[in-house]
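Q: Hey, dropping work_33.txt in here, compact mmCIF, C-alpha atoms:
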# COMPACT_ATOMS: atom_id res chain seq x y z
CA MET A 1 159.98 144.99 93.45
CA ALA A 2 157.83 147.30 91.35
CA VAL A 3 154.74 148.73 93.04
CA ARG A 4 151.49 147.88 91.28
CA TYR A 5 148.61 150.29 91.60
CA ALA A 6 144.95 149.53 90.95
CA PRO A 7 143.72 150.96 87.62
CA SER A 8 141.52 153.45 89.42
CA GLN A 9 144.53 154.83 91.31
CA LEU A 10 146.79 155.40 88.30
CA GLU A 11 145.85 157.76 85.51
CA GLU A 12 148.19 159.09 82.81
CA GLY A 13 151.15 158.10 84.97
CA ILE A 14 149.88 160.02 88.01
CA TYR A 15 149.17 158.13 91.23
CA TYR A 16 146.08 159.11 93.19
CA PRO A 17 146.21 157.47 96.66
CA ASP A 18 143.04 155.94 98.02
CA THR A 19 143.91 156.80 101.63
CA ASP A 20 145.37 159.76 103.46
CA GLY A 21 146.55 157.65 106.40
CA LEU A 22 144.30 159.50 108.84
CA PRO A 23 141.75 157.83 111.14
CA MET A 24 138.09 157.80 110.13
CA ALA A 25 137.09 159.84 113.18
CA GLU A 26 138.69 161.48 116.20
CA SER A 27 136.38 160.00 118.83
CA ASP A 28 133.70 157.38 119.40
CA TRP A 29 131.00 160.08 119.24
CA GLN A 30 132.18 161.26 115.83
CA ARG A 31 132.59 157.71 114.53
CA LYS A 32 129.07 156.75 115.62
CA VAL A 33 127.56 159.80 113.92
CA LEU A 34 129.58 159.26 110.74
CA THR A 35 128.74 155.55 110.52
CA TYR A 36 125.05 156.11 111.16
CA ALA A 37 124.84 158.91 108.58
CA VAL A 38 126.43 156.85 105.80
CA GLU A 39 124.38 153.73 106.58
CA ALA A 40 121.06 155.53 107.03
CA LEU A 41 121.42 157.61 103.87
CA ASP A 42 122.61 154.64 101.83
CA LEU A 43 119.57 152.63 102.96
CA SER A 44 117.24 155.58 102.35
CA PHE A 45 118.35 155.91 98.72
CA ARG A 46 118.89 152.19 98.07
CA HIS A 47 116.12 152.02 95.46
CA GLN A 48 117.50 154.97 93.49
CA PRO A 49 120.32 153.68 91.25
CA GLU A 50 121.61 157.16 90.45
CA VAL A 51 122.34 158.23 94.03
CA TYR A 52 125.81 157.59 95.48
CA VAL A 53 126.46 157.82 99.22
CA SER A 54 129.88 157.59 100.81
CA GLY A 55 131.97 158.79 103.71
CA ASN A 56 135.60 159.45 104.52
CA LEU A 57 136.46 158.85 100.86
CA LEU A 58 139.09 160.92 99.06
CA VAL A 59 137.52 163.31 96.56
CA TYR A 60 139.95 164.51 93.86
CA TYR A 61 138.78 167.71 92.22
CA GLN A 62 141.62 168.69 89.85
CA LYS A 63 142.84 166.34 87.17
CA GLY A 64 146.61 165.91 87.18
CA ASN A 65 147.00 167.25 90.72
CA PRO A 66 146.75 164.53 93.40
CA LYS A 67 147.24 167.18 96.09
CA ALA A 68 143.92 168.76 95.15
CA VAL A 69 141.94 166.43 97.37
CA VAL A 70 139.45 166.56 100.22
CA ALA A 71 137.86 163.81 102.33
CA PRO A 72 134.32 164.75 103.41
CA ASP A 73 133.02 162.84 106.42
CA VAL A 74 129.77 162.08 104.57
CA PHE A 75 128.66 163.05 101.08
CA VAL A 76 125.80 162.37 98.69
CA VAL A 77 125.85 162.72 94.92
CA PHE A 78 122.69 162.72 92.83
CA GLY A 79 122.94 161.69 89.18
CA VAL A 80 125.86 159.24 89.34
CA PRO A 81 125.57 155.44 89.60
CA LYS A 82 126.00 153.47 92.78
CA GLY A 83 129.05 151.25 93.08
CA ALA A 84 132.19 150.79 95.14
CA ARG A 85 134.99 153.27 94.50
CA ARG A 86 138.56 153.57 95.78
CA SER A 87 138.24 157.34 95.46
CA TYR A 88 135.97 159.88 93.79
CA MET A 89 137.37 161.85 90.85
CA LEU A 90 135.26 164.74 89.64
CA TRP A 91 136.50 164.60 86.05
CA ARG A 92 135.56 160.92 85.82
CA GLU A 93 132.17 161.25 87.50
CA GLY A 94 131.17 164.46 85.76
CA LYS A 95 130.06 166.28 88.91
CA GLY A 96 130.86 166.81 92.56
CA PRO A 97 128.88 166.08 95.73
CA ASP A 98 125.47 167.68 96.17
CA VAL A 99 125.46 167.40 99.96
CA VAL A 100 128.38 167.24 102.39
CA ILE A 101 128.13 166.56 106.11
CA GLU A 102 131.13 167.26 108.33
CA ILE A 103 131.29 165.90 111.89
CA THR A 104 133.06 168.89 113.34
CA SER A 105 135.03 169.43 116.55
CA ALA A 106 137.30 172.02 118.11
CA SER A 107 140.35 170.49 116.41
CA THR A 108 138.77 170.75 112.93
CA ARG A 109 136.98 174.05 113.51
CA SER A 110 139.19 176.20 111.30
CA GLU A 111 139.18 173.69 108.45
CA ASP A 112 135.44 173.02 108.58
CA GLN A 113 134.46 176.68 108.94
CA GLN A 114 136.96 178.20 106.50
CA SER A 115 139.01 176.15 104.02
CA LYS A 116 136.52 173.31 103.47
CA ARG A 117 133.58 175.67 103.39
CA ALA A 118 135.22 177.79 100.70
CA LEU A 119 136.28 174.72 98.73
CA TYR A 120 132.82 173.14 98.83
CA ALA A 121 131.28 176.38 97.61
CA ALA A 122 133.78 176.49 94.74
CA LEU A 123 132.97 172.87 93.86
CA GLY A 124 129.26 173.65 93.75
CA VAL A 125 128.21 171.60 96.78
CA ALA A 126 124.54 172.58 97.10
CA GLU A 127 124.28 171.95 100.85
CA TYR A 128 126.94 171.97 103.55
CA LEU A 129 125.86 170.56 106.92
CA LEU A 130 127.82 170.65 110.19
CA VAL A 131 127.21 168.45 113.24
CA ASP A 132 129.06 168.93 116.54
CA PRO A 133 127.88 165.92 118.61
CA THR A 134 129.95 166.72 121.69
CA GLY A 135 129.25 170.46 121.70
CA ASP A 136 132.90 171.42 121.33
CA TYR A 137 132.21 174.86 119.89
CA LEU A 138 129.29 174.98 117.44
CA VAL A 139 126.18 176.87 118.63
CA PRO A 140 123.71 175.47 117.75
CA ARG A 141 125.36 172.07 117.44
CA VAL A 142 123.61 171.35 114.11
CA GLN A 143 123.96 173.90 111.31
CA GLY A 144 123.35 173.87 107.60
CA TYR A 145 124.02 176.08 104.61
CA ARG A 146 122.72 176.14 101.05
CA LEU A 147 124.65 177.48 98.10
CA VAL A 148 123.36 180.74 96.62
CA ASP A 149 125.38 182.64 93.99
CA GLN A 150 128.66 180.88 94.89
CA GLY A 151 128.24 181.58 98.60
CA TYR A 152 126.52 179.85 101.49
CA VAL A 153 123.47 181.15 103.33
CA PRO A 154 122.23 179.47 106.52
CA LEU A 155 119.42 176.97 106.79
CA ARG A 156 117.15 177.40 109.78
CA THR A 157 117.95 175.31 112.87
CA GLU A 158 115.00 174.69 115.19
CA THR A 159 114.98 173.74 118.87
CA ALA A 160 112.18 171.46 120.14
CA PRO A 161 110.74 171.96 123.65
CA ASP A 162 112.82 169.01 124.90
CA GLY A 163 116.01 170.62 123.59
CA THR A 164 116.33 168.44 120.48
CA LEU A 165 117.95 170.32 117.62
CA TRP A 166 116.76 169.79 114.07
CA LEU A 167 116.94 171.26 110.61
CA HIS A 168 115.45 170.36 107.26
CA SER A 169 117.70 169.51 104.32
CA PRO A 170 115.81 170.43 101.12
CA ARG A 171 118.34 168.60 98.94
CA LEU A 172 118.09 165.35 100.89
CA GLY A 173 114.39 165.81 101.57
CA LEU A 174 115.05 164.78 105.17
CA ASP A 175 115.12 166.28 108.65
CA LEU A 176 118.30 166.02 110.72
CA GLN A 177 117.93 165.79 114.47
CA LEU A 178 120.60 165.79 117.16
CA ILE A 179 119.18 163.89 120.10
CA GLY A 180 121.73 164.16 122.89
CA ASP A 181 124.97 163.35 121.09
CA GLU A 182 123.35 161.12 118.44
CA LEU A 183 122.40 162.20 114.93
CA ARG A 184 119.15 160.88 113.45
CA PHE A 185 117.45 161.40 110.08
CA PHE A 186 113.67 161.56 109.77
CA ASP A 187 111.31 161.45 106.82
CA PRO A 188 109.33 164.71 107.30
CA ARG A 189 106.19 163.22 105.71
CA SER A 190 105.89 159.98 107.66
CA ARG A 191 107.98 161.13 110.66
CA ARG A 192 109.69 157.77 110.34
CA GLN A 193 113.23 157.60 111.68
CA LEU A 194 115.80 156.28 109.23
CA PRO A 195 117.43 153.16 110.69
CA SER A 196 121.08 152.24 110.76
CA LEU A 197 122.15 149.05 108.99
CA ALA A 198 122.01 147.04 112.24
CA GLU A 199 118.59 148.49 113.10
CA ALA A 200 117.26 147.70 109.62
CA GLN A 201 118.55 144.13 109.84
CA ALA A 202 117.03 143.66 113.30
CA GLN A 203 113.70 145.02 112.05
CA ALA A 204 113.78 142.69 109.04
CA GLU A 205 114.51 139.72 111.32
CA GLN A 206 111.63 140.67 113.63
CA GLU A 207 109.25 141.00 110.68
CA ALA A 208 110.41 137.63 109.29
CA ALA A 209 109.91 135.99 112.70
CA ALA A 210 106.43 137.53 112.95
CA ARG A 211 105.55 136.19 109.48
CA ARG A 212 106.78 132.71 110.41
CA ALA A 213 104.76 132.79 113.63
CA ALA A 214 101.65 133.93 111.74
CA GLU A 215 102.10 131.21 109.12
CA ALA A 216 102.58 128.57 111.82
CA GLU A 217 99.43 129.75 113.60
CA LEU A 218 97.50 129.65 110.33
CA GLU A 219 98.65 126.10 109.70
CA ARG A 220 97.63 125.13 113.25
CA LEU A 221 94.17 126.62 112.75
CA ARG A 222 93.78 124.83 109.41
CA ALA A 223 94.79 121.53 110.99
CA GLU A 224 92.38 122.11 113.87
CA LEU A 225 89.56 122.93 111.45
CA ALA A 226 90.31 119.79 109.42
CA ARG A 227 90.25 117.69 112.60
CA MET A 228 86.92 119.17 113.69
CA ARG A 229 85.44 118.52 110.24
CA GLY A 230 86.70 114.94 110.41
CA GLU A 231 85.10 114.37 113.79
CA SER A 232 81.83 115.88 112.55
CA SER A 233 81.70 113.54 109.54
CA ASP A 234 82.30 110.52 111.80
CA ASP A 235 79.23 111.45 113.78
How would this structure read if it were set down as structure tokens?

A:
Amino acid sequence: MAVRYAPSQLEEGIYYPDTDGLPMAESDWQRKVLTYAVEALDLSFRHQPEVYVSGNLLVYYQKGNPKAVVAPDVFVVFGVPKGARRSYMLWREGKGPDVVIEITSASTRSEDQQSKRALYAALGVAEYLLVDPTGDYLVPRVQGYRLVDQGYVPLRTETAPDGTLWLHSPRLGLDLQLIGDELRFFDPRSRRQLPSLAEAQAQAEQEAAARRAAEAELERLRAELARMRGESSDD
């Protein structure tokens, strides 16, 4: 039986797989950080139609060469439309990621610090951020770099009195904090923490319940006022 590929996977007779067969993350700690980062950033930019957020998606960077591929843990692209993709092809989209976040560990140290770093610089990734939630090797466990003249220079990582690590991402306009082994994003102006999808849904449900309770109380007060007015007119 002939194999049928989705249109987005087949181009000029060349097959571009939409999976590399590898797991999304090596551990629960990495998976939690990766999932939170994608969800929080996607929610943060939900009202901006020309911001695309994804994670663990194959990024093809050389037309005609399906081996020229990389799968960032998390990436953000400004200036391309939202929408589901099987993979991300630079020649179709017109540009590469602006920000890449890698959830690094001892087993990916060489790749994250050398080959991927060099590749992202060559692709023009403006910011490259590394998070080591379990403290395998990276000191400090949150690090960032910005692209200057085809090379990366470090962003400043700060340590709060309680040991929390944080750095500011100018491209995202957000602060990254590593609290214990959990990554969190903060709006530096409001100091509001960006929620995960589950947290945002729970907050929306709480706000809806509060509105319903307030509306019910208002209706009760109106009914009570109407009753009192009725009793007064009877007198």

Q: Which residues, written as a list in words, have at least one atom at most 6 Å from range 151-165 of chain A, with all atoms listed in the file counted and residues fewer than 4 positions away on the same chain left out?

A: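 Non-adjacent residues within range: Gly144, Tyr145, Arg146, Leu147, Gln177, Leu178 and Ile179 of chain A.
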
Q: Report, in Å to a single decimal, how far apart CA of Pro170 in chain A and CA of Glu127 in chain A are.

A: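 CA of Pro170 in chain A lies at a distance of 8.6 Å from CA of Glu127 in chain A.
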
Q: For Ala71 in chain A, please output as a ChimeraX atom specification all residues within 7 Å (counting all atoms listed in the file; exclusion window: fewer than 4 positions along the same chain).

A: /A:56-59

Q: Counting only C-alpha atoms, figure out which residue out of A:Asp98, A:Asp187, A:Asp73, A:Glu11 gets nearest to Val51 in chain A.

A: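 Checking each of A:Asp98, A:Asp187, A:Asp73, A:Glu11 against Val51 in chain A, counting only C-alpha atoms, the winner is A:Asp98.
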
Q: Which distance in Å separates CA of Arg184 in chain A and CA of Gly135 in chain A, to one decimal?

A: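 Answer for the CA of Arg184 in chain A to CA of Gly135 in chain A separation: 16.2 Å.
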
Q: Hey, which of A:Arg109, A:Lys67, A:Arg212, A:Arg171 ends up closest to Pro97 in chain A? Count all atoms listed in the file.

A: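 Using all atoms listed in the file, the shortest distance to Pro97 in chain A belongs to A:Arg171.
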
Q: Excluding Ile101 in chain A and residues on its chain fewer than 6 positions from it, collect all residues at most 8 Å away from it, counting all atoms listed in the file, and give them as a ChimeraX atom specification.

A: /A:72-75,128-131

Q: Please measure the separation of CA of Leu176 in chain A and CA of Lys116 in chain A, giving the value in Å to one decimal.

A: 20.9 Å

Q: Compare A:Leu174, A:Trp91, A:Arg85, A:Thr35 by their minimum atom-to-atom distance to Leu197 in chain A, counting all atoms listed in the file, and give me the closest one.

A: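 That would be A:Thr35, the residue with the smallest distance to Leu197 in chain A.
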
Q: Which residues are close to Tyr16 in chain A, i.e. within 9 Å by only C-alpha atoms, leaving aside same-chain residues fewer than 4 positions away? Reply as an NGL selection string.

A: :A and (8-11 or 60 or 65-67 or 87)

Q: Would you mind completing range 215-232 of chain A to N, CA and C atoms and writing the output as an mmCIF file, in the coordinates of the input?

A:
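New file rebuild34.cif:
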data_model
loop_
_atom_site.group_PDB
_atom_site.id
_atom_site.type_symbol
_atom_site.label_atom_id
_atom_site.label_comp_id
_atom_site.auth_asym_id
_atom_site.auth_seq_id
_atom_site.Cartn_x
_atom_site.Cartn_y
_atom_site.Cartn_z
ATOM 1 N N GLU A 215 102.310 132.347 110.017
ATOM 2 C CA GLU A 215 102.100 131.210 109.120
ATOM 3 C C GLU A 215 101.919 129.911 109.913
ATOM 4 N N ALA A 216 102.706 129.768 110.990
ATOM 5 C CA ALA A 216 102.580 128.570 111.820
ATOM 6 C C ALA A 216 101.210 128.532 112.494
ATOM 7 N N GLU A 217 100.741 129.681 112.965
ATOM 8 C CA GLU A 217 99.430 129.750 113.600
ATOM 9 C C GLU A 217 98.323 129.442 112.589
ATOM 10 N N LEU A 218 98.484 129.936 111.370
ATOM 11 C CA LEU A 218 97.500 129.650 110.330
ATOM 12 C C LEU A 218 97.437 128.162 110.025
ATOM 13 N N GLU A 219 98.614 127.538 109.944
ATOM 14 C CA GLU A 219 98.650 126.100 109.700
ATOM 15 C C GLU A 219 98.014 125.328 110.852
ATOM 16 N N ARG A 220 98.236 125.781 112.093
ATOM 17 C CA ARG A 220 97.630 125.130 113.250
ATOM 18 C C ARG A 220 96.110 125.215 113.196
ATOM 19 N N LEU A 221 95.610 126.421 112.830
ATOM 20 C CA LEU A 221 94.170 126.620 112.750
ATOM 21 C C LEU A 221 93.558 125.760 111.635
ATOM 22 N N ARG A 222 94.271 125.666 110.506
ATOM 23 C CA ARG A 222 93.780 124.830 109.410
ATOM 24 C C ARG A 222 93.707 123.364 109.837
ATOM 25 N N ALA A 223 94.761 122.921 110.532
ATOM 26 C CA ALA A 223 94.790 121.530 110.990
ATOM 27 C C ALA A 223 93.666 121.274 112.001
ATOM 28 N N GLU A 224 93.451 122.242 112.885
ATOM 29 C CA GLU A 224 92.380 122.110 113.870
ATOM 30 C C GLU A 224 91.015 122.071 113.192
ATOM 31 N N LEU A 225 90.825 122.910 112.179
ATOM 32 C CA LEU A 225 89.560 122.930 111.450
ATOM 33 C C LEU A 225 89.341 121.604 110.715
ATOM 34 N N ALA A 226 90.419 121.080 110.117
ATOM 35 C CA ALA A 226 90.310 119.790 109.420
ATOM 36 C C ALA A 226 89.961 118.685 110.395
ATOM 37 N N ARG A 227 90.559 118.713 111.588
ATOM 38 C CA ARG A 227 90.250 117.690 112.600
ATOM 39 C C ARG A 227 88.794 117.756 113.033
ATOM 40 N N MET A 228 88.305 119.010 113.246
ATOM 41 C CA MET A 228 86.920 119.170 113.690
ATOM 42 C C MET A 228 85.948 118.691 112.598
ATOM 43 N N ARG A 229 86.297 118.972 111.336
ATOM 44 C CA ARG A 229 85.440 118.520 110.240
ATOM 45 C C ARG A 229 85.437 117.001 110.172
ATOM 46 N N GLY A 230 86.612 116.383 110.431
ATOM 47 C CA GLY A 230 86.700 114.940 110.410
ATOM 48 C C GLY A 230 85.852 114.309 111.498
ATOM 49 N N GLU A 231 85.896 114.884 112.689
ATOM 50 C CA GLU A 231 85.100 114.370 113.790
ATOM 51 C C GLU A 231 83.614 114.524 113.509
ATOM 52 N N SER A 232 83.240 115.639 112.873
ATOM 53 C CA SER A 232 81.830 115.880 112.550
ATOM 54 C C SER A 232 81.313 114.867 111.548
#
